[in-house]
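Next comes coords10.csv, a file with CSV, C-alpha atoms.
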chain,number,residue,atom,x,y,z
A,276,MET,CA,40.0,35.9,-1.3
A,277,LYS,CA,42.8,37.8,-3.0
A,278,LYS,CA,40.2,39.9,-4.8
A,279,LEU,CA,38.3,40.7,-1.6
A,280,LEU,CA,41.5,41.7,0.2
A,281,PHE,CA,42.5,43.9,-2.8
A,282,THR,CA,39.0,45.5,-2.8
A,283,THR,CA,39.1,46.1,0.9
A,284,LEU,CA,42.6,47.7,0.6
A,285,LEU,CA,41.5,49.8,-2.2
A,286,LEU,CA,38.3,50.9,-0.4
A,287,CYS,CA,40.4,51.8,2.7
A,288,LEU,CA,42.9,53.9,0.6
A,289,THR,CA,40.0,55.4,-1.4
A,290,THR,CA,38.2,56.3,1.8
A,291,LEU,CA,41.3,58.0,3.2
A,292,ALA,CA,41.9,59.9,0.0
A,293,LEU,CA,38.3,60.9,-0.3
A,294,ALA,CA,37.9,62.0,3.3
A,295,GLN,CA,40.8,64.4,3.0
A,296,ASN,CA,39.4,66.5,0.2
A,297,ASP,CA,35.7,66.8,-0.9
A,298,GLU,CA,36.8,68.4,-4.2
A,299,ALA,CA,39.1,65.5,-4.9
A,300,ARG,CA,36.2,63.2,-4.0
A,301,GLN,CA,34.0,64.8,-6.6
A,302,LYS,CA,36.7,64.6,-9.3
A,303,ILE,CA,37.2,60.9,-8.6
A,304,GLU,CA,33.5,60.2,-8.6
A,305,SER,CA,33.1,62.1,-11.9
A,306,ALA,CA,35.9,60.2,-13.4
A,307,LYS,CA,34.4,56.9,-12.3
A,308,ILE,CA,31.0,57.9,-13.7
A,309,ALA,CA,32.6,58.9,-17.0
A,310,LEU,CA,34.5,55.6,-17.3
A,311,ILE,CA,31.5,53.4,-16.5
A,312,SER,CA,29.2,55.4,-18.8
A,313,GLU,CA,31.7,55.1,-21.6
A,314,ARG,CA,32.3,51.4,-21.0
A,315,LEU,CA,28.6,50.5,-20.8
A,316,GLY,CA,27.5,52.7,-23.7
A,317,LEU,CA,24.3,53.6,-21.9
A,318,THR,CA,21.5,55.3,-23.8
A,319,PRO,CA,20.1,58.4,-22.0
A,320,GLU,CA,17.0,56.4,-21.1
A,321,ASP,CA,19.1,53.5,-19.7
A,322,ALA,CA,21.4,55.9,-17.8
A,323,GLN,CA,18.4,57.4,-16.1
A,324,LYS,CA,17.3,54.0,-14.9
A,325,PHE,CA,20.8,52.6,-14.2
A,326,TRP,CA,22.5,55.3,-12.1
A,327,PRO,CA,20.0,55.4,-9.2
A,328,ILE,CA,20.3,51.6,-8.9
A,329,TYR,CA,24.1,51.7,-9.1
A,330,ASN,CA,24.4,54.6,-6.7
A,331,GLU,CA,22.2,52.8,-4.2
A,332,TYR,CA,24.3,49.7,-4.6
A,333,SER,CA,27.5,51.7,-4.1
A,334,GLN,CA,26.2,53.3,-1.0
A,335,LYS,CA,25.1,50.0,0.6
A,336,ARG,CA,28.5,48.5,-0.3
A,337,ARG,CA,30.3,51.4,1.2
A,338,GLU,CA,28.2,51.2,4.4
A,339,ASN,CA,28.9,47.5,4.7
A,340,HIS,CA,32.6,48.1,4.3
A,341,GLN,CA,32.7,51.1,6.7
A,342,ALA,CA,31.0,49.1,9.5
A,343,PHE,CA,33.7,46.4,9.3
A,344,ALA,CA,36.5,48.9,8.9
A,345,GLN,CA,35.4,50.6,12.2
A,346,ALA,CA,35.3,47.3,14.0
A,347,ARG,CA,38.8,46.5,12.7
A,348,ARG,CA,40.0,49.9,13.9
A,349,ASP,CA,38.6,49.2,17.4
A,350,PHE,CA,40.1,45.7,17.4
A,351,ASN,CA,43.5,45.2,18.9
A,352,PRO,CA,44.9,41.8,18.2
A,353,GLU,CA,47.6,42.3,20.9
A,354,THR,CA,45.0,42.6,23.7
A,355,ALA,CA,42.0,40.7,22.2
A,356,THR,CA,40.7,37.7,24.0
A,357,GLU,CA,40.2,34.4,22.1
A,358,GLN,CA,36.4,35.1,22.1
A,359,GLU,CA,36.9,38.7,20.7
A,360,THR,CA,39.2,37.3,18.0
A,361,LYS,CA,36.6,34.7,17.0
A,362,GLU,CA,33.9,37.4,16.9
A,363,MET,CA,36.1,39.5,14.6
A,364,LEU,CA,36.6,36.5,12.3
A,365,LYS,CA,32.8,35.8,12.3
A,366,LEU,CA,32.1,39.5,11.6
A,367,GLY,CA,34.5,39.3,8.6
A,368,ARG,CA,32.7,36.3,7.2
A,369,GLU,CA,29.3,38.0,7.7
A,370,VAL,CA,30.6,41.1,5.9
A,371,LYS,CA,31.7,39.0,3.0
A,372,GLU,CA,28.3,37.2,2.9
A,373,ARG,CA,26.4,40.5,3.0
A,374,GLN,CA,28.6,41.7,0.1
A,375,LEU,CA,27.9,38.6,-2.0
A,376,LYS,CA,24.1,38.9,-1.2
A,377,LEU,CA,24.2,42.6,-2.1
A,378,GLU,CA,26.1,41.9,-5.3
A,379,GLY,CA,23.5,39.2,-6.3
A,380,GLU,CA,20.5,41.4,-5.5
A,381,TYR,CA,21.8,44.4,-7.3
A,382,SER,CA,23.1,42.5,-10.3
A,383,ASP,CA,19.5,41.2,-10.8
A,384,ARG,CA,18.2,44.7,-10.5
A,385,MET,CA,20.7,46.1,-12.9
A,386,LEU,CA,20.0,43.3,-15.4
A,387,GLN,CA,16.5,44.7,-15.7
A,388,VAL,CA,18.1,47.9,-17.2
A,389,ILE,CA,21.3,46.7,-18.9
A,390,ASP,CA,22.2,43.4,-20.5
A,391,SER,CA,24.6,40.8,-19.2
A,392,LYS,CA,27.5,42.0,-21.4
A,393,GLN,CA,27.1,45.5,-20.0
A,394,LEU,CA,27.0,44.1,-16.5
A,395,MET,CA,30.3,42.3,-17.2
A,396,ASN,CA,31.7,45.5,-18.6
A,397,LEU,CA,30.6,47.3,-15.4
A,398,GLN,CA,32.5,44.8,-13.3
A,399,ASN,CA,35.6,45.2,-15.5
A,400,ALA,CA,35.2,49.0,-15.5
A,401,GLU,CA,35.1,49.1,-11.7
A,402,ARG,CA,38.2,46.8,-11.5
A,403,ASP,CA,40.0,49.0,-14.1
A,404,PHE,CA,39.0,52.2,-12.2
A,405,LYS,CA,40.3,50.8,-8.9
A,406,ARG,CA,43.6,49.8,-10.6
A,407,MET,CA,43.9,53.3,-12.2
A,408,LEU,CA,43.2,54.9,-8.8
A,409,LEU,CA,45.8,52.8,-7.1
A,410,ASP,CA,48.3,53.5,-9.8
A,411,ARG,CA,47.7,57.2,-9.5
A,412,LEU,CA,48.2,57.0,-5.7
A,413,ASP,CA,51.4,55.1,-6.2
A,414,GLN,CA,52.6,57.8,-8.7
A,415,ARG,CA,51.8,60.5,-6.2
A,416,ARG,CA,53.5,58.6,-3.4
A,417,GLN,CA,56.6,58.1,-5.6
A,418,GLN,CA,56.6,61.8,-6.6
A,419,GLN,CA,56.4,62.8,-3.0
A,420,GLN,CA,59.2,60.5,-2.1
A,421,ASN,CA,61.4,61.8,-5.0
A,422,SER,CA,60.6,65.4,-3.9
A,423,ASN,CA,61.6,64.5,-0.3
A,424,ASP,CA,64.8,62.8,-1.5
A,425,GLN,CA,65.7,65.8,-3.6
A,426,LEU,CA,65.2,68.2,-0.6
A,427,ARG,CA,67.3,65.9,1.6
A,428,ARG,CA,70.1,66.0,-1.0
A,429,GLN,CA,69.9,69.7,-1.2
A,430,ASN,CA,70.0,70.1,2.5
A,431,ASN,CA,73.0,67.8,2.8
A,432,GLU,CA,74.8,69.7,0.1
A,433,ARG,CA,74.2,73.0,1.9
A,434,MET,CA,75.5,71.5,5.1
A,435,ARG,CA,78.6,70.3,3.4
A,436,ASN,CA,79.1,73.7,1.8
A,437,LYS,CA,78.8,75.4,5.2
A,438,ARG,CA,81.3,73.1,6.8
A,439,ASN,CA,83.8,73.6,4.0
A,440,ASN,CA,83.5,77.4,4.1
Give the structure from this file in structure tokens form.
Amino acid sequence: MKKLLFTTLLLCLTTLALAQNDEARQKIESAKIALISERLGLTPEDAQKFWPIYNEYSQKRRENHQAFAQARRDFNPETATEQETKEMLKLGREVKERQLKLEGEYSDRMLQVIDSKQLMNLQNAERDFKRMLLDRLDQRRQQQQNSNDQLRRQNNERMRNKRNN
């Protein structure tokens, strides 16, 4: 449950970050591909077979998440009826079930190209990449906050200087 919540949060943050800048999206995707390729140690032949399967899996996973994210944006817990709330909870369970089914299906397909250790490395690489992405977002947020704090201090100092003169 904790993992799913974390993944959902990450996907939301990633979606927001990616939607803002296509160039940044390409950089992030390239970094992800590089990390996964390095961790899996794919041969060129394996890579040629692996990446179409992985990309298809990623697209279906993203579509599954986006459909639920849209439903959550449209859902207002303040005004929702009991029935609407139950339907939202049911939809959440269905999304999780689809995700598990998707993971099982694509794991089986990937195991036809890579071995089980590589599949485990893939899962670890995805988790590590998400962690690195969140860390980078936190760093940027902190830098922005520090920059805002510094500007605020400078403005306060200027105001004090004006009052004293």
Please, what distance in Å, to one decimal, runs between atom CA of A:Val370 and atom CA of A:Asn351?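 Atom-to-atom, atom CA of A:Val370 and atom CA of A:Asn351 are spaced 18.8 Å apart.
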So the first atom is atom CA of A:Arg300 and the second is atom CA of A:Met385; what is the distance between them in Å, to one decimal place?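 So the answer is 24.7 Å.
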Polymer residues at most 12 Å from A:Gln345, all atoms listed in the file, same-chain spacing of 6 or more positions, as number ranges by chain: A: 287, 338-339, 351, 363, 366-367
One decimal, in Å: what's the spacing between atom CA of A:Arg427 and atom CA of A:Arg415? 18.2 Å
Kindly indicate which residue among A:Glu401, A:Asp410, A:Glu432, A:Glu331 lies nearest to A:Ser312, using all atoms listed in the file for the distances.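 Closest candidate: A:Glu401.
For A:Lys335, the non-local neighbours within 12 Å, defined as residues at least 2 positions apart in the same chain or in other chains and counting only C-alpha atoms, are Ile328, Tyr329, Asn330, Glu331, Tyr332, Ser333, Arg337, Glu338, Asn339, His340, Gln341, Ala342, Val370, Arg373, Gln374, Lys376, Leu377, Glu378, Glu380 and Tyr381 of chain A.
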Can you pull out the residues contacting A:Ala400? Cut-off 9 Å, using only C-alpha atoms, and skip same-chain residues under 6 positions away; I want them as an MDAnalysis selection string. chainID A and resid 307 310:311 314:315
